[in-house]
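As stored in protein23.cif (mmCIF, C-alpha atoms):
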```
data_entry
#
loop_
_atom_site.label_atom_id
_atom_site.label_comp_id
_atom_site.auth_asym_id
_atom_site.auth_seq_id
_atom_site.Cartn_x
_atom_site.Cartn_y
_atom_site.Cartn_z
CA MET J 34 -7.84 30.54 -3.89
CA TYR J 35 -7.94 27.12 -2.19
CA LYS J 36 -6.07 25.51 -5.07
CA ALA J 37 -3.35 28.15 -4.76
CA PHE J 38 -3.10 27.42 -1.03
CA CYS J 39 -2.68 23.70 -1.75
CA ARG J 40 0.16 24.35 -4.20
CA VAL J 41 1.92 26.69 -1.76
CA TYR J 42 1.54 24.09 1.00
CA GLN J 43 3.01 21.43 -1.28
CA GLY J 44 5.89 23.68 -2.27
CA VAL J 45 6.83 24.25 1.36
CA PHE J 46 6.40 20.57 2.15
CA LYS J 47 8.68 19.65 -0.75
CA ILE J 48 11.47 21.71 0.79
CA GLY J 49 10.90 19.99 4.12
CA MET J 50 11.23 16.61 2.40
CA TYR J 51 14.98 17.10 2.20
CA ALA J 52 15.23 17.14 6.00
CA ILE J 53 13.40 13.83 6.41
CA PRO J 54 15.62 10.74 6.85
CA TRP J 55 14.25 8.60 4.02
CA GLY J 56 15.51 5.06 4.11
CA MET J 57 14.67 1.64 2.74
CA PRO J 58 14.32 -1.72 4.48
CA LYS J 59 17.10 -4.24 4.09
CA THR J 60 15.85 -7.26 2.19
CA ILE J 61 16.22 -11.02 2.13
CA GLU J 62 15.12 -12.28 -1.28
CA GLY J 63 14.53 -15.54 -3.11
CA ALA J 64 12.50 -18.71 -2.96
CA GLY J 65 12.57 -20.20 0.55
CA SER J 66 14.19 -17.13 2.07
CA ILE J 67 11.59 -17.08 4.87
CA ARG J 68 13.64 -19.74 6.65
CA GLN J 69 16.53 -17.28 6.99
CA LEU J 70 14.45 -14.84 9.04
CA PRO J 71 14.78 -16.43 12.52
CA SER J 72 18.58 -16.34 12.29
CA LEU J 73 18.42 -12.66 11.38
CA ILE J 74 16.09 -11.96 14.31
CA LYS J 75 18.48 -13.73 16.67
CA GLU J 76 21.45 -11.91 15.17
CA LYS J 77 19.76 -8.60 15.98
CA GLY J 78 19.47 -9.59 19.63
CA PHE J 79 15.77 -10.44 19.85
CA THR J 80 14.59 -13.59 21.61
CA LYS J 81 10.80 -13.13 21.61
CA VAL J 82 8.61 -11.57 18.93
CA LEU J 83 4.94 -10.92 18.26
CA VAL J 84 3.79 -12.36 14.94
CA VAL J 85 0.98 -10.21 13.53
CA THR J 86 -1.07 -12.00 10.87
CA ASP J 87 -4.60 -13.18 10.07
CA GLN J 88 -6.50 -16.43 10.55
CA VAL J 89 -6.72 -17.22 6.84
CA LEU J 90 -2.92 -17.38 6.51
CA ILE J 91 -2.71 -19.55 9.61
CA ARG J 92 -5.30 -21.98 8.19
CA LEU J 93 -3.49 -22.10 4.84
CA GLY J 94 -0.30 -23.14 6.63
CA LEU J 95 1.77 -20.31 5.16
CA LEU J 96 3.46 -19.69 8.49
CA ASP J 97 4.40 -23.33 9.13
CA SER J 98 7.90 -23.12 7.66
CA LEU J 99 8.55 -19.91 9.60
CA PHE J 100 7.42 -21.50 12.86
CA GLU J 101 9.63 -24.52 12.24
CA ALA J 102 12.64 -22.31 11.57
CA MET J 103 11.85 -20.22 14.67
CA ALA J 104 11.87 -23.35 16.84
CA GLU J 105 15.16 -24.50 15.31
CA ALA J 106 16.75 -21.09 15.95
CA GLY J 107 15.42 -20.88 19.50
CA VAL J 108 13.40 -17.72 18.94
CA GLU J 109 10.17 -17.56 20.94
CA TYR J 110 7.03 -16.10 19.41
CA VAL J 111 3.46 -15.16 20.24
CA VAL J 112 0.83 -15.00 17.50
CA TYR J 113 -1.85 -12.38 17.05
CA ASP J 114 -4.04 -13.58 14.18
CA GLY J 115 -7.10 -11.39 14.69
CA VAL J 116 -6.31 -8.83 11.98
CA GLN J 117 -9.33 -7.99 9.82
CA PRO J 118 -9.14 -7.19 6.08
CA ASN J 119 -9.46 -3.51 6.99
CA PRO J 120 -7.66 -3.42 10.39
CA THR J 121 -9.39 -1.49 13.14
CA ASP J 122 -8.42 0.32 16.30
CA ILE J 123 -9.75 -2.74 18.16
CA ASN J 124 -7.24 -4.98 16.36
CA VAL J 125 -4.45 -2.59 17.32
CA ALA J 126 -5.52 -2.56 20.99
CA GLU J 127 -5.60 -6.36 21.09
CA GLY J 128 -2.10 -6.53 19.62
CA VAL J 129 -0.77 -3.98 22.09
CA LYS J 130 -2.12 -6.06 24.97
CA LEU J 131 -0.50 -9.27 23.71
CA PHE J 132 2.85 -7.56 23.11
CA LYS J 133 2.95 -6.17 26.66
CA GLU J 134 1.63 -9.25 28.45
CA ASN J 135 4.16 -11.54 26.79
CA GLY J 136 7.24 -9.36 27.02
CA CYS J 137 7.82 -9.24 23.27
CA GLN J 138 10.72 -7.25 21.87
CA ALA J 139 10.01 -6.99 18.14
CA PHE J 140 7.45 -7.81 15.45
CA ILE J 141 7.03 -10.08 12.47
CA ALA J 142 4.32 -8.61 10.23
CA PHE J 143 3.24 -11.54 8.07
CA GLY J 144 0.69 -11.15 5.30
CA GLY J 145 -0.68 -8.44 3.08
CA GLY J 146 -1.15 -4.78 3.84
CA SER J 147 -3.65 -5.38 6.64
CA PRO J 148 -1.33 -7.26 9.05
CA MET J 149 1.49 -4.85 8.25
CA ASP J 150 -0.62 -1.76 8.85
CA CYS J 151 -1.99 -3.27 12.05
CA CYS J 152 1.54 -4.09 13.20
CA LYS J 153 2.70 -0.52 12.58
CA GLY J 154 -0.34 0.74 14.50
CA ILE J 155 0.50 -1.52 17.44
CA GLY J 156 4.06 -0.21 17.49
CA ALA J 157 2.90 3.40 17.38
CA VAL J 158 0.41 2.97 20.23
CA LEU J 159 3.03 1.12 22.29
CA VAL J 160 5.55 3.97 22.19
CA LYS J 161 3.11 6.88 22.35
CA ASN J 162 0.50 5.40 24.69
CA LYS J 163 -2.22 7.21 22.76
CA PRO J 164 -5.26 5.88 20.86
CA VAL J 165 -5.06 5.39 17.10
CA ASP J 166 -7.14 8.45 16.22
CA LYS J 167 -4.63 10.69 18.00
CA LEU J 168 -1.79 9.31 15.89
CA GLN J 169 -3.36 9.49 12.44
CA GLY J 170 -2.00 12.23 10.23
CA LEU J 171 1.56 13.39 9.61
CA PHE J 172 4.47 12.80 11.99
CA ARG J 173 2.52 12.20 15.18
CA VAL J 174 4.62 9.27 16.35
CA LEU J 175 8.19 10.62 16.18
CA HIS J 176 9.49 7.79 18.38
CA ARG J 177 11.32 4.66 17.36
CA ILE J 178 8.90 1.75 17.52
CA PRO J 179 9.91 -1.90 18.11
CA THR J 180 11.68 -3.35 15.08
CA ILE J 181 9.39 -4.76 12.38
CA PHE J 182 10.45 -7.67 10.19
CA ALA J 183 7.95 -7.55 7.31
CA VAL J 184 6.99 -10.65 5.31
CA PRO J 185 4.62 -9.82 2.43
CA THR J 186 2.45 -12.67 1.14
CA THR J 187 0.93 -10.58 -1.65
CA ALA J 188 2.64 -8.46 -4.28
CA GLY J 189 0.70 -5.25 -4.02
CA THR J 190 0.54 -3.04 -0.97
CA GLY J 191 4.25 -2.36 -0.62
CA SER J 192 3.58 -1.89 3.10
CA GLU J 193 6.91 -3.59 3.82
CA THR J 194 8.65 -0.40 2.68
CA THR J 195 6.21 2.42 3.52
CA VAL J 196 5.82 4.86 6.39
CA ALA J 197 2.02 4.58 6.37
CA ALA J 198 -0.46 2.56 8.40
CA VAL J 199 -4.14 2.74 7.46
CA ILE J 200 -6.48 1.93 10.36
CA THR J 201 -10.30 2.04 10.46
CA ASP J 202 -12.22 3.53 13.40
CA SER J 203 -14.55 0.73 14.52
CA LYS J 204 -17.28 3.18 15.56
CA THR J 205 -17.37 5.69 12.69
CA HIS J 206 -15.93 3.38 9.96
CA HIS J 207 -13.59 6.22 9.02
CA LYS J 208 -10.44 4.81 7.45
CA ALA J 209 -7.41 7.05 7.91
CA SER J 210 -3.65 6.83 7.79
CA MET J 211 -0.86 7.54 10.22
CA ASN J 212 2.33 8.58 8.42
CA ASP J 213 5.70 8.65 10.11
CA THR J 214 9.19 7.54 9.09
CA SER J 215 9.44 5.58 12.33
CA LEU J 216 6.79 3.18 10.99
CA MET J 217 8.92 1.88 8.11
CA PRO J 218 9.94 -1.77 8.70
CA LYS J 219 13.67 -2.30 9.16
CA PHE J 220 13.75 -5.59 7.24
CA ALA J 221 11.65 -7.23 4.51
CA VAL J 222 11.58 -10.84 3.35
CA LEU J 223 10.65 -11.17 -0.33
CA ASP J 224 9.97 -14.88 -0.71
CA PRO J 225 7.99 -15.61 -3.90
CA GLN J 226 7.01 -19.08 -2.65
CA LEU J 227 4.70 -17.40 -0.13
CA THR J 228 2.65 -15.94 -3.00
CA THR J 229 2.32 -18.97 -5.28
CA GLY J 230 -0.89 -20.15 -3.63
CA LEU J 231 -2.73 -16.85 -3.97
CA PRO J 232 -6.09 -17.09 -5.76
CA PRO J 233 -5.96 -15.41 -9.20
CA HIS J 234 -8.32 -12.60 -8.15
CA VAL J 235 -6.01 -11.71 -5.23
CA THR J 236 -2.98 -11.77 -7.52
CA SER J 237 -4.74 -9.44 -9.95
CA THR J 238 -6.12 -6.87 -7.51
CA THR J 239 -3.02 -6.67 -5.34
CA GLY J 240 -0.89 -6.33 -8.46
CA MET J 241 -3.11 -3.49 -9.62
CA ASP J 242 -2.69 -1.88 -6.20
CA ALA J 243 1.06 -1.86 -6.79
CA LEU J 244 0.48 -0.33 -10.22
CA CYS J 245 -1.69 2.33 -8.63
CA HIS J 246 1.08 3.23 -6.16
CA ALA J 247 3.59 3.63 -8.96
CA VAL J 248 1.27 5.59 -11.25
CA GLU J 249 -0.02 7.95 -8.58
CA SER J 250 3.41 8.73 -7.17
CA TYR J 251 4.82 9.27 -10.68
CA THR J 252 2.02 11.54 -11.88
CA ASN J 253 2.21 13.51 -8.60
CA ASN J 254 5.90 14.22 -9.33
CA THR J 255 6.29 17.21 -6.94
CA TYR J 256 7.89 15.44 -3.97
CA ASN J 257 9.88 12.85 -5.93
CA SER J 258 13.63 12.69 -6.14
CA LYS J 259 15.34 10.85 -9.00
CA LEU J 260 15.20 7.70 -6.87
CA GLU J 261 11.40 7.69 -6.56
CA LYS J 262 10.95 8.40 -10.27
CA LYS J 263 13.20 5.50 -11.20
CA LEU J 264 11.55 3.14 -8.69
CA ALA J 265 8.10 4.01 -10.07
CA GLU J 266 9.25 3.43 -13.65
CA ASP J 267 10.88 0.11 -12.71
CA ALA J 268 7.72 -0.97 -10.90
CA VAL J 269 5.48 -0.16 -13.88
CA ARG J 270 7.82 -1.99 -16.25
CA LEU J 271 7.88 -5.10 -14.03
CA ILE J 272 4.10 -5.10 -13.66
CA TYR J 273 3.61 -4.66 -17.41
CA HIS J 274 5.73 -7.74 -18.11
CA ASN J 275 4.78 -9.98 -15.16
CA LEU J 276 1.33 -9.38 -13.65
CA TYR J 277 -0.74 -11.21 -16.25
CA THR J 278 1.76 -14.11 -16.24
CA ALA J 279 1.49 -14.40 -12.45
CA TYR J 280 -2.31 -14.23 -12.75
CA CYS J 281 -2.43 -17.03 -15.32
CA ASP J 282 0.28 -19.22 -13.77
CA GLY J 283 0.53 -18.77 -10.03
CA SER J 284 3.44 -21.21 -9.82
CA ASN J 285 5.71 -19.11 -12.02
CA ILE J 286 8.42 -18.20 -9.51
CA GLU J 287 10.12 -15.65 -11.76
CA ALA J 288 6.90 -13.71 -12.34
CA ARG J 289 6.06 -13.90 -8.63
CA GLN J 290 9.51 -12.64 -7.64
CA ASN J 291 9.31 -9.79 -10.13
CA MET J 292 5.88 -8.79 -8.84
CA GLN J 293 7.24 -8.71 -5.28
CA LYS J 294 10.03 -6.42 -6.45
CA ALA J 295 7.49 -4.24 -8.25
CA ALA J 296 5.37 -3.90 -5.11
CA PHE J 297 8.47 -3.08 -3.06
CA TYR J 298 9.66 -0.44 -5.54
CA ALA J 299 6.21 1.10 -5.89
CA GLY J 300 5.76 1.17 -2.12
CA ARG J 301 9.02 3.04 -1.65
CA ALA J 302 8.14 5.39 -4.53
CA PHE J 303 4.88 6.55 -2.97
CA THR J 304 6.41 6.72 0.49
CA ARG J 305 7.93 10.02 -0.59
CA GLY J 306 5.93 10.78 -3.73
CA CYS J 307 2.54 10.19 -2.05
CA VAL J 308 -0.59 8.69 -3.53
CA GLY J 309 -3.59 10.71 -4.73
CA TYR J 310 -7.32 10.74 -5.30
CA VAL J 311 -7.46 7.05 -6.22
CA HIS J 312 -6.41 6.15 -2.69
CA ALA J 313 -8.35 8.97 -1.07
CA LEU J 314 -11.58 7.71 -2.65
CA GLY J 315 -10.69 4.05 -2.24
CA HIS J 316 -10.10 4.39 1.49
CA THR J 317 -13.64 5.69 1.96
CA LEU J 318 -15.09 2.63 0.20
CA GLY J 319 -13.03 0.31 2.36
CA GLY J 320 -14.24 2.04 5.51
CA LEU J 321 -17.90 2.38 4.56
CA TYR J 322 -18.52 -0.85 2.67
CA GLY J 323 -15.58 -3.13 3.39
CA THR J 324 -14.52 -3.01 -0.26
CA PRO J 325 -11.16 -4.82 -0.55
CA HIS J 326 -8.43 -2.25 -1.01
CA GLY J 327 -6.93 -3.84 -4.13
CA LEU J 328 -10.32 -4.07 -5.82
CA ALA J 329 -11.08 -0.43 -5.07
CA MET J 330 -7.71 0.66 -6.48
CA SER J 331 -8.14 -1.50 -9.58
CA VAL J 332 -11.51 -0.01 -10.45
CA ILE J 333 -10.85 3.62 -9.52
CA LEU J 334 -7.39 4.11 -11.09
CA PRO J 335 -8.34 4.70 -14.76
CA HIS J 336 -11.38 6.80 -13.82
CA VAL J 337 -9.26 9.26 -11.83
CA MET J 338 -6.44 9.39 -14.37
CA ARG J 339 -8.85 10.06 -17.24
CA GLN J 340 -10.50 12.87 -15.30
CA PHE J 341 -7.13 14.55 -14.71
CA GLY J 342 -6.98 14.94 -18.48
CA PRO J 343 -4.08 16.94 -19.96
CA ALA J 344 -2.66 17.62 -16.50
CA ALA J 345 -1.48 14.00 -16.35
CA HIS J 346 -0.75 13.32 -20.02
CA GLU J 347 2.98 14.05 -20.03
CA ARG J 348 3.80 11.75 -17.10
CA LEU J 349 1.44 9.00 -18.22
CA ALA J 350 3.11 9.21 -21.62
CA ARG J 351 6.52 8.63 -20.01
CA LEU J 352 5.13 5.51 -18.31
CA ALA J 353 3.75 4.34 -21.65
CA GLU J 354 7.24 4.70 -23.13
CA VAL J 355 8.69 2.71 -20.22
CA CYS J 356 6.43 -0.15 -21.31
CA GLY J 357 7.40 0.21 -24.97
CA MET J 358 4.18 1.87 -26.09
CA THR J 359 4.24 4.47 -28.83
CA GLY J 360 2.04 7.33 -30.00
CA LYS J 361 2.11 10.54 -31.99
CA SER J 362 1.63 12.76 -28.93
CA ASP J 363 1.68 12.64 -25.15
CA ALA J 364 -2.11 12.54 -25.17
CA GLU J 365 -2.12 9.50 -27.46
CA LYS J 366 0.54 7.70 -25.43
CA ALA J 367 -1.36 8.45 -22.21
CA GLU J 368 -4.52 7.08 -23.78
CA ASN J 369 -2.68 3.92 -24.88
CA PHE J 370 -1.39 3.44 -21.33
CA LEU J 371 -4.86 3.79 -19.79
CA THR J 372 -6.33 1.51 -22.45
CA TRP J 373 -3.74 -1.12 -21.53
CA ILE J 374 -4.83 -0.87 -17.89
CA GLU J 375 -8.48 -1.30 -18.83
CA GLU J 376 -7.77 -4.21 -21.16
CA LEU J 377 -5.61 -5.91 -18.51
CA LYS J 378 -8.38 -5.52 -15.96
CA ALA J 379 -10.89 -7.07 -18.35
CA LYS J 380 -8.60 -10.05 -19.00
CA MET J 381 -8.29 -10.57 -15.23
CA ASN J 382 -12.06 -10.29 -14.65
CA ILE J 383 -11.85 -7.03 -12.69
CA PRO J 384 -15.01 -4.95 -13.10
CA GLU J 385 -15.01 -1.54 -14.73
CA HIS J 386 -17.39 -0.05 -12.16
CA LEU J 387 -18.43 -0.43 -8.51
CA ASP J 388 -22.10 -0.46 -7.52
CA VAL J 389 -21.68 -0.31 -3.73
CA ILE J 390 -21.80 3.49 -3.42
CA ARG J 391 -25.09 4.77 -2.00
CA ASP J 392 -26.43 8.19 -2.95
CA GLU J 393 -26.75 9.26 0.67
CA ASP J 394 -23.06 8.46 1.34
CA ILE J 395 -21.60 10.61 -1.43
CA PRO J 396 -21.27 13.81 0.68
CA GLN J 397 -19.40 11.83 3.35
CA ILE J 398 -17.17 10.16 0.75
CA ILE J 399 -16.24 13.55 -0.71
CA LYS J 400 -15.62 15.04 2.74
CA TRP J 401 -13.31 12.21 3.81
CA ALA J 402 -11.50 11.96 0.46
CA SER J 403 -10.93 15.69 0.26
CA LYS J 404 -9.69 15.83 3.84
CA GLU J 405 -7.20 13.02 3.21
CA ALA J 406 -5.87 14.35 -0.07
CA ASN J 407 -5.92 18.14 0.17
CA PRO J 408 -3.61 19.96 0.65
CA LEU J 409 -1.00 17.18 1.14
CA TYR J 410 -1.17 15.07 -2.03
CA PRO J 411 0.49 16.88 -4.97
CA VAL J 412 -1.99 15.55 -7.53
CA PRO J 413 -1.82 16.72 -11.16
CA ALA J 414 -5.06 18.73 -10.76
CA ILE J 415 -6.69 19.77 -7.50
CA TRP J 416 -10.37 18.85 -7.25
CA GLY J 417 -13.31 20.48 -5.59
CA LYS J 418 -16.73 19.05 -4.71
CA ASN J 419 -18.00 18.99 -8.32
CA ASP J 420 -14.90 17.18 -9.56
CA PHE J 421 -15.30 14.48 -6.94
CA GLU J 422 -18.99 14.09 -7.81
CA THR J 423 -18.13 13.65 -11.49
CA CYS J 424 -15.51 11.02 -10.74
CA ILE J 425 -17.79 9.13 -8.33
CA ALA J 426 -20.48 9.03 -11.03
CA SER J 427 -17.94 7.58 -13.45
CA ILE J 428 -16.86 4.95 -10.92
CA ARG J 429 -20.51 3.96 -10.47
CA GLY J 430 -21.03 3.80 -14.23
CA LYS J 431 -23.60 6.59 -14.25
#
```
What does the file become when written as structure tokens?
Amino acid sequence: MYKAFCRVYQGVFKIGMYAIPWGMPKTIEGAGSIRQLPSLIKEKGFTKVLVVTDQVLIRLGLLDSLFEAMAEAGVEYVVYDGVQPNPTDINVAEGVKLFKENGCQAFIAFGGGSPMDCCKGIGAVLVKNKPVDKLQGLFRVLHRIPTIFAVPTTAGTGSETTVAAVITDSKTHHKASMNDTSLMPKFAVLDPQLTTGLPPHVTSTTGMDALCHAVESYTNNTYNSKLEKKLAEDAVRLIYHNLYTAYCDGSNIEARQNMQKAAFYAGRAFTRGCVGYVHALGHTLGGLYGTPHGLAMSVILPHVMRQFGPAAHERLARLAEVCGMTGKSDAEKAENFLTWIEELKAKMNIPEHLDVIRDEDIPQIIKWASKEANPLYPVPAIWGKNDFETCIASIRGK
């Protein structure tokens, strides 16, 4: 009965999708393109912005060229660099305070998914004047937030083109998402030079996060238009041909640029197509144990897809074909695709299992994951408590 309710809900929601103003950020692309950003900011009429980032990126000097170009263009800026790997409501409140106290007009979200999500959260709280937990869920902002200029320094989250912001409650450690079209950045700078210094393990796990976005949105299918299907296919193809190269040779600009495009395409694909149980489970591990998001996605993806079984075979087979894989049946092609993922993970030293999950936390993990995913995510097969328990056991290697 509950599964039928979920499918009816998704059917109604699919119809509503056509009334939503889906867009896509305008992009500046190419090596060194970060230096073009201040001129664009000035062109749009902004004279003072809040830069939302983290201390690691500051220490690495990744923002130095941006700051130099900002000074040359005469654009003032204030820096908030307190964003944690899993941004919290406290981070958002600190950013809101800085924005107001300094009379900022717009944002630069600089970094991976964490600074971007935090930035979106700051914007939402600014215009709604409500705490984060009151804005999490679907379409609870519905106000235009200050313009966000997004600068990704990883090729994975796709946050520069999504309507989602995942924020962790600092008291309960519950990690949940606010989803609203007003949160999508207006502009994105895809500068591959900003990613060349990434450690190999960050390149691998963020790249697998992008793959997860593309695969989940594609296997969900229900909400996708032709655009999202094509973007997901293009993302998978780019990742298949470029992720391992970028992992092995971080200075390869072409591979880095292609991975940024893949992350961007995959991010836009799941913005409408949604993610699924991989993300629903992964978010709980980030909240409870601080597991890096990309690592959680990397490990969980094949476990969830295998458990879907025949329900996902046809769409996984299409993705296998996109990569040039063959097989005698959809089931065989799907298996070849999942085997490729597992072999790629092994080559990049990503573990097959996660041992952080405690027995006593499993009921909470299932409760949170189920609440996030059902009835919204149009997954290939809808799971109940026993299905989640089986998958969690597989993730743990038990």
Open item on the list: For J:Tyr310, find every residue with an atom within 8 Å (counting all atoms listed in the file), except residues of its own chain fewer than 6 positions away, and show them as a PyMOL selection string.
Closed with: chain J and resi 337+402+406+412
Open item on the list: Given all atoms listed in the file as the basis, pick out the residue of J:Ala188, J:Met358, J:Leu314, J:Val82 nearest to J:Leu371.
Closed with: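 Ranked by minimum distance to J:Leu371, first place goes to J:Met358.
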Open item on the list: Could you check the closest approach to J:Asn135 for each of J:Leu96, J:Ala106, J:Ile272, J:Leu83 and tell me which residue wins, using all atoms listed in the file?
Closed with: J:Leu83
Task: Surrounding residues of J:Val85 excluding itself and chain neighbours under 3 positions, 10 Å, all atoms listed in the file, as a list of chain:residue names - done: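 Result of the neighbour search: J:Val82, J:Val111, J:Val112, J:Tyr113, J:Asp114, J:Gly115, J:Val116, J:Gly128, J:Phe140, J:Ile141, J:Ala142, J:Phe143, J:Gly144, J:Ser147, J:Pro148, J:Met149, J:Asp150, J:Cys151, J:Cys152, J:Lys153, J:Ile155, J:Ala183.
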Given only C-alpha atoms, how would the per-residue table for stretch 98-193 of chain J near stretch 295-304 of chain J read, listing every residue at most 8 Å away with its closest atom pair and distance in Å to one decimal, sorted by chain and number, as CSV?
```
residue,atom,partner,partner_atom,distance
J:Ala188,CA,J:Ala296,CA,5.4
J:Gly189,CA,J:Ala296,CA,5.0
J:Thr190,CA,J:Ala296,CA,6.4
J:Gly191,CA,J:Gly300,CA,4.1
J:Ser192,CA,J:Gly300,CA,6.4
J:Glu193,CA,J:Phe297,CA,7.1
```
Next, dump the selected residues to file, keeping only C-alpha atoms, as a PDB file, in the frame of the given file.
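So selection-v8.pdb came out as:
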```pdb
ATOM      1  CA  ALA J 188       2.640  -8.460  -4.280  1.00  0.00           C
ATOM      2  CA  GLY J 189       0.700  -5.250  -4.020  1.00  0.00           C
ATOM      3  CA  THR J 190       0.540  -3.040  -0.970  1.00  0.00           C
ATOM      4  CA  GLY J 191       4.250  -2.360  -0.620  1.00  0.00           C
ATOM      5  CA  SER J 192       3.580  -1.890   3.100  1.00  0.00           C
ATOM      6  CA  GLU J 193       6.910  -3.590   3.820  1.00  0.00           C
TER       7      GLU J 193
END
```
TODO: Apply the PyMOL selection byres ((chain J and resi 317-328) around 9) to the structure shown and report the selected residues as JSON, numbers by chain.
DONE: {"J": [118, 119, 189, 190, 201, 202, 205, 206, 207, 208, 209, 235, 237, 238, 239, 240, 241, 242, 243, 312, 313, 314, 315, 316, 329, 330, 331, 332, 333, 383, 384, 389, 390, 394, 397, 398, 399, 401, 402]}
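For the pair atom CA of J:Phe370 and atom CA of J:Tyr277, the interatomic distance is 15.5 Å.
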Open item on the list: For the PyMOL selection byres ((chain J and resi 198) around 6), applied here, can you spell out every residue it catches as a ChimeraX atom specification?
Closed with: /J:150,197,199,210-211
- [ ] Point out the residue among J:Ala364, J:Ile53, J:Met338, J:Cys245 with the least atom-to-atom distance to J:Ala350, counting only C-alpha atoms.
- [x] J:Ala364
Open item on the list: Please compute the atom CA of J:Gln88-atom CA of J:Lys59 distance, one decimal, in Å.
Closed with: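 Answer for the atom CA of J:Gln88 to atom CA of J:Lys59 separation: 27.3 Å.
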Open item on the list: Let me make sure I understand: among J:Arg289, J:Lys81, J:His246, J:Lys75, which one has the smallest atom-to-atom distance to J:Leu231 if we use only C-alpha atoms?
Closed with: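 For J:Leu231, the nearest of the given residues is J:Arg289.
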